[in-house]
$ cat protein-v6.csv   # CSV, C-alpha atoms
chain,number,residue,atom,x,y,z
A,1,LEU,CA,93.9,121.6,99.7
A,2,MET,CA,93.3,117.8,99.9
A,3,ASP,CA,95.4,116.0,102.4
A,4,VAL,CA,97.6,113.1,101.2
A,5,ALA,CA,98.1,109.7,102.9
A,6,ALA,CA,100.5,107.2,101.6
A,7,LEU,CA,100.1,103.4,101.9
A,8,ILE,CA,103.4,101.5,101.4
A,9,LEU,CA,102.9,97.9,100.6
A,10,ALA,CA,105.6,95.9,102.4
A,11,ALA,CA,103.9,92.5,103.1
A,12,GLY,CA,105.8,90.5,100.4
A,13,LYS,CA,108.1,87.9,101.7
A,14,GLY,CA,110.8,88.4,99.1
A,15,THR,CA,111.4,84.6,98.8
A,16,ARG,CA,113.4,85.0,95.6
A,17,LEU,CA,116.0,87.0,97.6
A,18,ASN,CA,116.8,83.8,99.6
A,19,SER,CA,117.6,86.0,102.6
A,20,SER,CA,116.5,86.0,106.2
A,21,LEU,CA,116.4,89.9,106.1
A,22,PRO,CA,112.9,91.1,105.1
A,23,LYS,CA,112.8,92.4,101.6
A,24,PRO,CA,112.0,96.1,102.5
A,25,LEU,CA,115.2,96.3,104.6
A,26,HIS,CA,117.6,95.2,101.8
A,27,ARG,CA,119.8,98.1,101.1
A,28,ILE,CA,120.0,100.1,97.8
A,29,GLY,CA,122.4,103.0,97.7
A,30,GLY,CA,123.4,102.4,101.3
A,31,ARG,CA,119.8,102.6,102.7
A,32,PRO,CA,116.9,100.2,103.1
A,33,MET,CA,114.6,100.2,100.2
A,34,LEU,CA,111.7,101.1,102.4
A,35,ALA,CA,113.5,104.3,103.5
A,36,TRP,CA,113.5,105.6,99.9
A,37,SER,CA,109.8,105.0,99.7
A,38,LEU,CA,109.1,106.7,103.0
A,39,ASP,CA,111.2,109.7,102.0
A,40,ALA,CA,109.5,110.1,98.6
A,41,ALA,CA,106.1,110.0,100.3
A,42,ARG,CA,107.1,112.7,102.8
A,43,ALA,CA,108.6,114.8,100.1
A,44,ALA,CA,105.4,114.5,98.0
A,45,GLY,CA,103.5,116.0,100.9
A,46,ALA,CA,102.0,112.9,102.6
A,47,SER,CA,100.7,113.9,106.1
A,48,ARG,CA,100.0,110.2,106.9
A,49,ILE,CA,102.2,107.2,105.9
A,50,VAL,CA,101.0,103.7,106.8
A,51,THR,CA,103.3,100.8,106.0
A,52,ILE,CA,101.4,97.5,105.4
A,53,LEU,CA,103.4,94.6,106.8
A,54,GLY,CA,103.0,90.8,106.6
A,55,THR,CA,102.9,88.5,109.5
A,56,GLY,CA,106.3,88.0,111.3
A,57,ALA,CA,107.5,91.4,110.2
A,58,GLU,CA,108.5,92.6,113.7
A,59,VAL,CA,112.0,93.5,112.5
A,60,VAL,CA,110.4,95.9,110.0
A,61,LYS,CA,108.0,97.3,112.5
A,62,THR,CA,111.0,97.9,114.9
A,63,TRP,CA,112.9,99.7,112.1
A,64,LEU,CA,109.9,102.0,111.6
A,65,ASP,CA,110.4,103.1,115.2
A,66,GLY,CA,106.8,104.2,115.9
A,67,GLY,CA,105.8,105.0,112.4
A,68,GLU,CA,102.3,103.9,111.5
A,69,SER,CA,101.8,100.4,110.3
A,70,CYS,CA,99.2,97.6,110.0
A,71,VAL,CA,99.4,93.9,109.3
A,72,GLN,CA,97.9,92.2,106.3
A,73,ASP,CA,97.0,88.7,107.5
A,74,PRO,CA,96.7,86.6,105.4
A,75,PRO,CA,98.2,88.2,102.3
A,76,ASN,CA,95.4,88.1,99.7
A,77,GLY,CA,96.6,90.5,97.0
A,78,THR,CA,97.4,94.2,96.6
A,79,GLY,CA,93.7,95.3,96.9
A,80,HIS,CA,93.4,93.3,100.2
A,81,ALA,CA,96.6,95.0,101.4
A,82,VAL,CA,95.1,98.4,100.9
A,83,LEU,CA,91.8,97.4,102.6
A,84,ALA,CA,93.9,96.2,105.6
A,85,ALA,CA,95.0,99.9,106.1
A,86,GLN,CA,91.4,101.3,106.2
A,87,PRO,CA,90.9,100.9,110.0
A,88,THR,CA,94.3,102.6,110.6
A,89,LEU,CA,93.4,105.5,108.4
A,90,GLY,CA,90.0,105.8,110.0
A,91,ASP,CA,87.9,108.6,108.5
A,92,PHE,CA,90.7,110.1,106.5
A,93,THR,CA,89.4,112.1,103.5
A,94,GLY,CA,91.7,113.2,100.7
A,95,ILE,CA,94.1,111.5,98.4
A,96,VAL,CA,95.5,108.1,99.0
A,97,LEU,CA,98.8,107.1,97.3
A,98,VAL,CA,99.4,103.4,97.0
A,99,MET,CA,103.2,102.7,96.9
A,100,PHE,CA,105.6,99.8,97.3
A,101,ALA,CA,108.5,99.2,99.7
A,102,ASP,CA,110.7,97.9,96.9
A,103,THR,CA,110.6,100.7,94.4
A,104,PRO,CA,113.5,103.0,95.6
A,105,LEU,CA,113.7,104.9,92.2
A,106,VAL,CA,110.1,106.3,92.4
A,107,THR,CA,110.6,110.0,93.1
A,108,ALA,CA,108.5,112.6,95.0
A,109,ALA,CA,108.0,114.4,91.7
A,110,THR,CA,106.4,111.3,90.2
A,111,LEU,CA,104.1,110.9,93.2
A,112,THR,CA,103.2,114.6,93.0
A,113,ASP,CA,102.1,114.2,89.4
A,114,LEU,CA,99.6,111.7,90.6
A,115,THR,CA,98.2,113.8,93.4
A,116,ALA,CA,98.1,116.8,91.1
A,117,ALA,CA,95.9,114.8,88.6
A,118,ILE,CA,93.4,114.1,91.4
A,119,ARG,CA,93.4,117.7,92.6
A,120,ASP,CA,92.7,118.6,88.9
A,121,GLY,CA,89.5,116.5,89.0
A,122,ALA,CA,90.5,112.9,88.4
A,123,ASP,CA,89.2,110.2,90.8
A,124,ILE,CA,92.0,107.7,90.2
A,125,ALA,CA,95.4,108.3,88.7
A,126,VAL,CA,97.7,105.4,87.7
A,127,LEU,CA,101.4,105.6,87.0
A,128,GLY,CA,102.3,104.2,83.6
A,129,PHE,CA,105.3,103.9,81.3
A,130,THR,CA,106.0,102.9,77.8
A,131,ALA,CA,108.0,99.6,77.4
A,132,ALA,CA,109.8,98.6,74.3
A,133,ASP,CA,109.1,95.0,75.4
A,134,PRO,CA,105.9,95.0,77.5
A,135,THR,CA,106.2,91.3,78.3
A,136,GLY,CA,105.2,90.5,81.9
A,137,TYR,CA,103.5,93.9,82.6
A,138,GLY,CA,99.9,94.7,83.0
A,139,ARG,CA,98.7,96.7,80.0
A,140,LEU,CA,96.9,100.1,80.3
A,141,VAL,CA,93.9,100.0,78.1
A,142,THR,CA,92.7,103.5,77.1
A,143,ASP,CA,89.7,104.9,75.2
A,144,ALA,CA,89.7,107.3,72.2
A,145,ASP,CA,90.0,110.4,74.5
A,146,GLY,CA,92.9,108.9,76.5
A,147,SER,CA,91.0,108.0,79.6
A,148,LEU,CA,92.1,104.8,81.3
A,149,VAL,CA,89.5,102.1,80.8
A,150,LYS,CA,91.1,99.1,82.6
A,151,ILE,CA,94.4,97.4,83.5
A,152,VAL,CA,94.6,93.9,82.1
A,153,GLU,CA,97.2,91.5,83.3
A,154,GLU,CA,99.2,89.7,80.7
A,155,ILE,CA,97.7,86.3,81.5
A,156,ASP,CA,94.2,87.7,80.8
A,157,ALA,CA,95.1,89.9,77.8
A,158,ASN,CA,93.8,89.2,74.3
A,159,ALA,CA,96.0,89.5,71.2
A,160,ALA,CA,95.2,93.2,70.7
A,161,GLU,CA,95.9,94.0,74.3
A,162,LEU,CA,99.2,92.1,74.3
A,163,GLY,CA,100.3,94.5,71.6
A,164,ILE,CA,99.9,97.5,73.9
A,165,THR,CA,103.2,99.0,75.0
A,166,LEU,CA,101.7,101.4,77.6
A,167,VAL,CA,102.0,99.4,80.9
A,168,ASN,CA,101.3,99.6,84.6
A,169,GLY,CA,103.9,101.2,86.8
A,170,GLY,CA,102.1,100.0,89.9
A,171,VAL,CA,101.8,103.2,91.9
A,172,MET,CA,98.3,104.7,92.1
A,173,GLY,CA,96.6,107.7,93.6
A,174,ALA,CA,92.9,107.8,94.4
A,175,ARG,CA,90.2,109.6,96.3
A,176,ALA,CA,90.1,107.9,99.7
A,177,GLU,CA,86.4,107.2,99.9
A,178,LEU,CA,86.1,105.9,96.4
A,179,LEU,CA,89.2,103.7,96.8
A,180,PHE,CA,87.8,101.8,99.8
A,181,ASP,CA,84.3,101.7,98.4
A,182,LEU,CA,85.5,100.1,95.1
A,183,LEU,CA,87.8,97.6,96.9
A,184,ALA,CA,85.0,96.6,99.3
A,185,ASN,CA,83.0,95.6,96.2
A,186,THR,CA,85.9,93.9,94.3
A,187,THR,CA,85.6,90.1,93.9
A,188,PRO,CA,88.7,87.9,94.1
A,189,ASN,CA,90.5,87.8,90.8
A,190,ASN,CA,92.0,84.3,90.7
A,191,SER,CA,91.9,80.8,92.2
A,192,ARG,CA,94.0,82.0,95.2
A,193,GLY,CA,91.2,84.3,96.2
A,194,GLU,CA,93.4,87.4,95.8
A,195,ILE,CA,91.9,90.9,95.5
A,196,TYR,CA,93.8,93.0,92.9
A,197,LEU,CA,94.1,96.7,93.3
A,198,THR,CA,94.2,97.1,89.5
A,199,ASP,CA,90.7,95.8,89.2
A,200,ILE,CA,89.2,99.0,90.6
A,201,VAL,CA,90.2,100.8,87.4
A,202,GLU,CA,87.6,99.0,85.3
A,203,GLN,CA,85.0,99.3,88.0
A,204,ALA,CA,85.6,103.1,88.3
A,205,SER,CA,85.5,103.5,84.5
A,206,HIS,CA,82.2,101.6,84.3
A,207,ALA,CA,80.7,103.9,87.0
A,208,ASN,CA,81.8,107.0,85.0
A,209,HIS,CA,84.5,108.1,87.4
A,210,LYS,CA,87.4,109.9,85.8
A,211,VAL,CA,90.4,107.6,85.6
A,212,VAL,CA,93.7,108.9,84.1
A,213,TYR,CA,97.3,107.8,83.8
A,214,ARG,CA,100.5,109.8,84.2
A,215,LEU,CA,103.8,108.7,82.6
A,216,THR,CA,107.0,108.3,84.6

$ encode --input "protein-v6.csv" --output "structure tokens"
Amino acid sequence: LMDVAALILAAGKGTRLNSSLPKPLHRIGGRPMLAWSLDAARAAGASRIVTILGTGAEVVKTWLDGGESCVQDPPNGTGHAVLAAQPTLGDFTGIVLVMFADTPLVTAATLTDLTAAIRDGADIAVLGFTAADPTGYGRLVTDADGSLVKIVEEIDANAAELGITLVNGGVMGARAELLFDLLANTTPNNSRGEIYLTDIVEQASHANHKVVYRLT
């Protein structure tokens, strides 16, 4: 059975909240948002959980109370955040789940669907959902047999792609070695020099790796 490690992206500053409390520690249902993500990862069978923090996140690190964490400095996108965790994971082999600290409604069952897809032979599994109004979301572009070809951000989408209602849910599972190899060869996506996790889907598809999606 393949081991599972979960990476929880928690480096965002949450500036829109206009609060001195770090975004992951804002409470939903009486508990910090990060607690829901940690619990879901554990319930989905993660034997390692690494929370990726931004600079100045000592209060979050203290709240983790000895749980594994690393710092993304400077914050250069979601792909860069995952790469920041590679030294902490060391030579981990198995399935890596990439999650977020501010998605308290993502359940263990949803995460298990992604890990099951990889155990069944997929190399990467992306969480998707169908949106009546897909505005603002990255679109999941599939081929004739339903494999995921790429994730295209709205700003980069052509007219046909803008009409796609199957959109990116953000959470992703991948074979560890492939994940880090692809990210190491990913070029920054935009003028800010950010490395997007979503870009590995097209890379993997081009290299004939099996990329699938699972619906929430």

$ closest_residue --input "protein-v6.csv" --among "A:Glu202, A:Asp3, A:Asp65, A:Asp102" --to "Leu183 (chain A)" --atoms "only C-alpha atoms"
A:Glu202

$ closest_residue --input "protein-v6.csv" --among "A:Gln72, A:Ser37, A:Thr187, A:Thr88" --to "Gly54 (chain A)" --atoms "all atoms listed in the file"
A:Gln72

$ atom_distance --input "protein-v6.csv" --atom1 "CA of Leu64 (chain A)" --atom2 "CA of Gly77 (chain A)"
22.9 Å

$ residues_around --input "protein-v6.csv" --residues "Trp36 (chain A)" --least-positions-apart "4" --cutoff "9 Å" --atoms "all atoms listed in the file" --output "mmCIF file with C-alpha atoms, in the frame of the given file"
data_model
loop_
_atom_site.group_PDB
_atom_site.id
_atom_site.type_symbol
_atom_site.label_atom_id
_atom_site.label_comp_id
_atom_site.auth_asym_id
_atom_site.auth_seq_id
_atom_site.Cartn_x
_atom_site.Cartn_y
_atom_site.Cartn_z
ATOM 1 C CA ILE A 28 120.000 100.100 97.800
ATOM 2 C CA ARG A 31 119.800 102.600 102.700
ATOM 3 C CA PRO A 32 116.900 100.200 103.100
ATOM 4 C CA ALA A 40 109.500 110.100 98.600
ATOM 5 C CA ALA A 41 106.100 110.000 100.300
ATOM 6 C CA ALA A 101 108.500 99.200 99.700
ATOM 7 C CA ASP A 102 110.700 97.900 96.900
ATOM 8 C CA THR A 103 110.600 100.700 94.400
ATOM 9 C CA PRO A 104 113.500 103.000 95.600
ATOM 10 C CA LEU A 105 113.700 104.900 92.200
ATOM 11 C CA VAL A 106 110.100 106.300 92.400
ATOM 12 C CA THR A 107 110.600 110.000 93.100
#

$ residues_around --input "protein-v6.csv" --residues "region 152-157 of chain A" --least-positions-apart "5" --cutoff "6 Å" --atoms "all atoms listed in the file" --output "ChimeraX atom specification"
/A:138-139,162

$ closest_residue --input "protein-v6.csv" --among "A:Val98, A:Ala184, A:Ala5, A:Leu53" --to "Pro24 (chain A)" --atoms "all atoms listed in the file"
A:Leu53

$ atom_distance --input "protein-v6.csv" --atom1 "CA of Asp199 (chain A)" --atom2 "CA of Ala43 (chain A)"
28.3 Å

$ residues_around --input "protein-v6.csv" --residues "Gly94 (chain A)" --least-positions-apart "6" --cutoff "7 Å" --atoms "all atoms listed in the file" --output "list of chain:residue names"
A:Met2, A:Asp3, A:Val4, A:Arg175, A:Ala176

$ closest_residue --input "protein-v6.csv" --among "A:Asn189, A:Ala84, A:Gly90, A:Leu1" --to "Arg119 (chain A)" --atoms "only C-alpha atoms"
A:Leu1

$ closest_residue --input "protein-v6.csv" --among "A:Ser205, A:Thr198, A:Thr115, A:Gln86" --to "Gly45 (chain A)" --atoms "all atoms listed in the file"
A:Thr115

$ closest_residue --input "protein-v6.csv" --among "A:Val50, A:Val171, A:Val60, A:Ala81" --to "His26 (chain A)" --atoms "all atoms listed in the file"
A:Val60

$ atom_distance --input "protein-v6.csv" --atom1 "CA of Thr130 (chain A)" --atom2 "CA of Gly169 (chain A)"
9.4 Å

$ residues_around --input "protein-v6.csv" --residues "Ile124 (chain A)" --least-positions-apart "3" --cutoff "6 Å" --atoms "all atoms listed in the file" --output "list in words"
Gly173, Ala174 and Val211 of chain A

$ residues_around --input "protein-v6.csv" --residues "Ile49 (chain A)" --least-positions-apart "3" --cutoff "9 Å" --atoms "only C-alpha atoms" --output "list in words"
Val4, Ala5, Ala6, Leu7, Ile8, Leu38, Ala41, Arg42, Ala46, Gly67, Glu68 and Ser69 of chain A
